[in-house]
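Chemist: Please see the structure below; I have some questions.
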Amino acid sequence: MIHEIAPRKFNTAYMNQKAKSEDLFLSYLEDTVLVKEGMDKLWYPSFSDFAREYPELRDNAQYLFAVDDVNFYLVDEKGLDSVAGWSYVPATRLRANHWRSFAGAVGWQLNRWYNNHRFCSRCGKGMQHSTKERMLYCESCGFEVYPTIAPCVIVAVYDQDRLLLTKYKGRAYNRYALIAGFSEIGESLEQTVCREVQEEVGLKVRNLYYYKSQPWPFTDTILAGFFAELDGNDTIRLQEDELSLGVWMNREDIPPQVEKVSLTSEMIEVFRTGAVKI
Ligand SMILES: [Zn+2]
């Protein structure tokens, strides 16, 4: 999955440190990220790559995180693709199993957060960056904001050797999916599972088994994956404004999952191969 970058280690601890010339930086322009393309990989710039054209870039860079001993910073500077060899490419290309892709995706999430909290939502004054932690605060009224992470469940509903597969309506992503949805206010994850299954396919479930979680930076979510056994009637009543398909599929008919990035694909695959004991 996208966040599994071992043996490399993602270090999210906040550091109040000035960028050095060998540190890498991330620059986003709406839904694109600044890279150099080469040898089937996307390369991020270091400050030394831009030292001649943008000698001040390090001064206003915001520390993000590190992967092993590689530090990543965020810069908010326009026109960096004017430097030869560098260009902005769609950030959806970061949806890949590579430590660089994961770093770029998390940076994209943080860039959205910083951009969306330039001003205090309580009093309207400009927000300041904390030097102690990853937090923005308002000097005027004291309001504090932390990065947005929305909890979401993914549910693999099964009935003996059958798995419930769905397809979402009106999305570019057209592979088989599982039931998924955001937690609502006042709800436990288990209650979210039961409500989403009821809403999307009209079924009841029991024997919830928590499988794994996954940070999904593209939608600011933390995904919690559950297997849940069908309880009672198996007739699917599709929520047609969200789903275009909902079917029971026998284990041996489920197509092998070629995509290895998402928790959804891993859950379908471990059910297909019988690797999960439920
Ligand atoms: Zn304020």
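Please note that chains go A, B, ... in the order of the structure tokens, that every chain numbers its residues from 1, and that ligands are numbered from 1 in the order shown.
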Could you pull the residues within 8 Å of Asn71 in chain A, counting only C-alpha atoms, minus those fewer than 5 positions along the same chain, as a PyMOL selection string?

Modeler: chain A and resi 23-24+63-66

Chemist: Show which residues sit within 8 Å of Lys20 in chain A, as a list in words. Count only C-alpha atoms, and ignore same-chain residues fewer than 2 positions away.

Modeler: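 Counting only the stated atoms, we get Lys18, Glu22, Asp23, Phe47 and Arg58 of chain A.
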
Chemist: Quick one: everything within 10 Å of Ala6 in chain A, counting only C-alpha atoms, minus sequence neighbours fewer than 3 positions away in the same chain. Send it as a PDB file with C-alpha atoms, in the first residue's frame.

Modeler:
ATOM      1  CA  HIS A   3       2.173   4.266   2.950  1.00  0.00           C
ATOM      2  CA  LYS A   9      10.847   5.356   7.466  1.00  0.00           C
ATOM      3  CA  PHE A  10       8.417   8.240   7.286  1.00  0.00           C
ATOM      4  CA  HIS A  98       7.149   4.487  -3.886  1.00  0.00           C
ATOM      5  CA  TRP A  99       8.436   6.452  -0.929  1.00  0.00           C
TER       6      TRP A  99
END

Chemist: Could you list the protein, DNA and RNA residues that have any atom within 6 Å of ligand 1, counting only C-alpha atoms and all ligand atoms, and write them as a list in words?

Modeler: Cys120, Arg122, Cys123, Gly124, Lys125, Cys138, Ser140, Cys141 and Phe143 of chain A

Chemist: Can I get the selected residues back with C-alpha atoms, as a CSV table (one decimal), in the first residue's frame?

Modeler:
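Just written: out-v5.csv:
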chain,number,residue,atom,x,y,z
A,120,CYS,CA,-8.6,32.7,11.1
A,122,ARG,CA,-13.2,32.7,13.9
A,123,CYS,CA,-12.1,36.4,13.5
A,124,GLY,CA,-10.7,36.7,10.0
A,125,LYS,CA,-7.1,37.8,10.9
A,138,CYS,CA,-4.4,33.4,15.5
A,140,SER,CA,-5.6,38.1,17.7
A,141,CYS,CA,-8.1,35.6,19.2
A,143,PHE,CA,-7.8,30.1,17.7

Chemist: Go ahead and compute the interatomic distance for CA of Gly181 in chain A and CA of Asp241 in chain A, in Å to one decimal.

Modeler: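 These two atoms are separated by 13.9 Å.
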
Chemist: Which of range 7-196 of chain A counts as alpha helix (DSSP H) under DSSP, as a PyMOL selection string please?

Modeler: chain A and resi 99-116+189-196

Chemist: Do you know which residues are at most 7 Å from Leu164 in chain A counting only C-alpha atoms, after dropping those on the same chain fewer than 2 positions away, and could you put them as a PyMOL selection string?

Modeler: chain A and resi 156-158+162+166+246-249

Chemist: Selection from above, N, CA and C atoms, as a PDB file, in the first residue's frame, can you write it?

Modeler:
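File selection_37.pdb, as written:
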ATOM      1  N   ALA A 156     -15.605  -4.606   3.650  1.00  0.00           N
ATOM      2  CA  ALA A 156     -15.724  -5.777   2.783  1.00  0.00           C
ATOM      3  C   ALA A 156     -16.826  -6.653   3.379  1.00  0.00           C
ATOM      4  N   VAL A 157     -18.015  -6.611   2.763  1.00  0.00           N
ATOM      5  CA  VAL A 157     -19.139  -7.413   3.249  1.00  0.00           C
ATOM      6  C   VAL A 157     -19.048  -8.795   2.589  1.00  0.00           C
ATOM      7  N   TYR A 158     -19.073  -9.863   3.427  1.00  0.00           N
ATOM      8  CA  TYR A 158     -18.949 -11.204   2.863  1.00  0.00           C
ATOM      9  C   TYR A 158     -20.068 -12.087   3.386  1.00  0.00           C
ATOM     10  N   ARG A 162     -18.688 -15.553  -0.691  1.00  0.00           N
ATOM     11  CA  ARG A 162     -19.053 -14.455  -1.599  1.00  0.00           C
ATOM     12  C   ARG A 162     -18.642 -13.119  -0.983  1.00  0.00           C
ATOM     13  N   THR A 166     -18.613  -3.424  -5.444  1.00  0.00           N
ATOM     14  CA  THR A 166     -19.394  -2.284  -5.941  1.00  0.00           C
ATOM     15  C   THR A 166     -18.589  -1.532  -6.992  1.00  0.00           C
ATOM     16  N   GLY A 246     -23.603  -3.116  -7.656  1.00  0.00           N
ATOM     17  CA  GLY A 246     -23.380  -3.811  -6.389  1.00  0.00           C
ATOM     18  C   GLY A 246     -23.717  -5.272  -6.624  1.00  0.00           C
ATOM     19  N   VAL A 247     -22.724  -6.153  -6.501  1.00  0.00           N
ATOM     20  CA  VAL A 247     -22.946  -7.580  -6.811  1.00  0.00           C
ATOM     21  C   VAL A 247     -22.263  -8.474  -5.788  1.00  0.00           C
ATOM     22  N   TRP A 248     -22.853  -9.649  -5.589  1.00  0.00           N
ATOM     23  CA  TRP A 248     -22.182 -10.706  -4.836  1.00  0.00           C
ATOM     24  C   TRP A 248     -21.300 -11.467  -5.813  1.00  0.00           C
ATOM     25  N   MET A 249     -20.025 -11.643  -5.482  1.00  0.00           N
ATOM     26  CA  MET A 249     -19.139 -12.381  -6.389  1.00  0.00           C
ATOM     27  C   MET A 249     -18.448 -13.507  -5.638  1.00  0.00           C
TER      28      MET A 249
END

Chemist: Tell me, as a list in words, which residues lie within 9 Å of Thr221 in chain A, counting only C-alpha atoms; anything in the same chain fewer than 5 positions away does not count.

Modeler: Thr148, Ile149, Ala150, Pro151, Cys152, Phe182, Gln214, Pro215 and Trp216 of chain A

Chemist: List the spatial neighbours of Glu242 in chain A as a list in words - criterion: any atom at most 8 Å away, only C-alpha atoms, same-chain residues fewer than 6 positions off excluded.

Modeler: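 Here the answer would be Tyr168, Lys169 and Glu200 of chain A.
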
Chemist: Please provide the set of residues having any atom within 10 Å of Asp76 in chain A, restricted to only C-alpha atoms, with same-chain residues fewer than 4 positions apart removed, written as a PDB file with N, CA and C atoms, in the first residue's frame.

Modeler:
ATOM      1  N   LEU A  26       8.983  20.720  -1.849  1.00  0.00           N
ATOM      2  CA  LEU A  26       7.797  20.405  -2.641  1.00  0.00           C
ATOM      3  C   LEU A  26       7.111  21.711  -2.988  1.00  0.00           C
ATOM      4  N   SER A  27       6.707  21.814  -4.249  1.00  0.00           N
ATOM      5  CA  SER A  27       6.001  23.009  -4.716  1.00  0.00           C
ATOM      6  C   SER A  27       4.787  22.541  -5.498  1.00  0.00           C
ATOM      7  N   TYR A  28       3.633  23.068  -5.143  1.00  0.00           N
ATOM      8  CA  TYR A  28       2.384  22.662  -5.800  1.00  0.00           C
ATOM      9  C   TYR A  28       1.738  23.869  -6.452  1.00  0.00           C
ATOM     10  N   LEU A  29       1.137  23.624  -7.586  1.00  0.00           N
ATOM     11  CA  LEU A  29       0.359  24.650  -8.258  1.00  0.00           C
ATOM     12  C   LEU A  29      -1.014  24.023  -8.494  1.00  0.00           C
ATOM     13  N   LEU A  57      14.887  31.138  -1.652  1.00  0.00           N
ATOM     14  CA  LEU A  57      13.838  30.129  -1.502  1.00  0.00           C
ATOM     15  C   LEU A  57      13.855  29.449  -0.128  1.00  0.00           C
ATOM     16  N   ASN A  60      11.982  31.188   3.350  1.00  0.00           N
ATOM     17  CA  ASN A  60      10.559  31.129   3.699  1.00  0.00           C
ATOM     18  C   ASN A  60       9.987  29.724   3.597  1.00  0.00           C
ATOM     19  N   ALA A  61      10.857  28.728   3.514  1.00  0.00           N
ATOM     20  CA  ALA A  61      10.360  27.353   3.357  1.00  0.00           C
ATOM     21  C   ALA A  61       9.805  26.824   4.685  1.00  0.00           C
ATOM     22  N   GLN A  62       8.731  26.055   4.575  1.00  0.00           N
ATOM     23  CA  GLN A  62       8.080  25.470   5.752  1.00  0.00           C
ATOM     24  C   GLN A  62       8.488  24.002   5.879  1.00  0.00           C
ATOM     25  N   LEU A  80       8.235  28.511 -10.640  1.00  0.00           N
ATOM     26  CA  LEU A  80       9.452  27.698 -10.521  1.00  0.00           C
ATOM     27  C   LEU A  80       9.688  26.812 -11.750  1.00  0.00           C
ATOM     28  N   ASN A 111      -0.090  20.986   1.897  1.00  0.00           N
ATOM     29  CA  ASN A 111      -0.177  22.225   1.113  1.00  0.00           C
ATOM     30  C   ASN A 111      -1.625  22.721   1.053  1.00  0.00           C
ATOM     31  N   ASN A 115      -2.903  26.217   2.628  1.00  0.00           N
ATOM     32  CA  ASN A 115      -3.605  27.168   1.740  1.00  0.00           C
ATOM     33  C   ASN A 115      -5.009  27.494   2.235  1.00  0.00           C
TER      34      ASN A 115
END

Chemist: For CA of Arg134 in chain A and CA of Tyr114 in chain A, determine how far apart the two atoms are, in Å to one decimal place.

Modeler: 10.2 Å

Chemist: Tell me which of A:Tyr176, A:Phe227, A:Tyr14, A:Phe102 sits closest to Glu259 in chain A, counting only C-alpha atoms.

Modeler: A:Tyr176

Chemist: In Å, how far is it from CA of Ala180 in chain A to CA of Glu252 in chain A?

Modeler: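 CA of Glu252 in chain A lies at a distance of 23.3 Å from CA of Ala180 in chain A.
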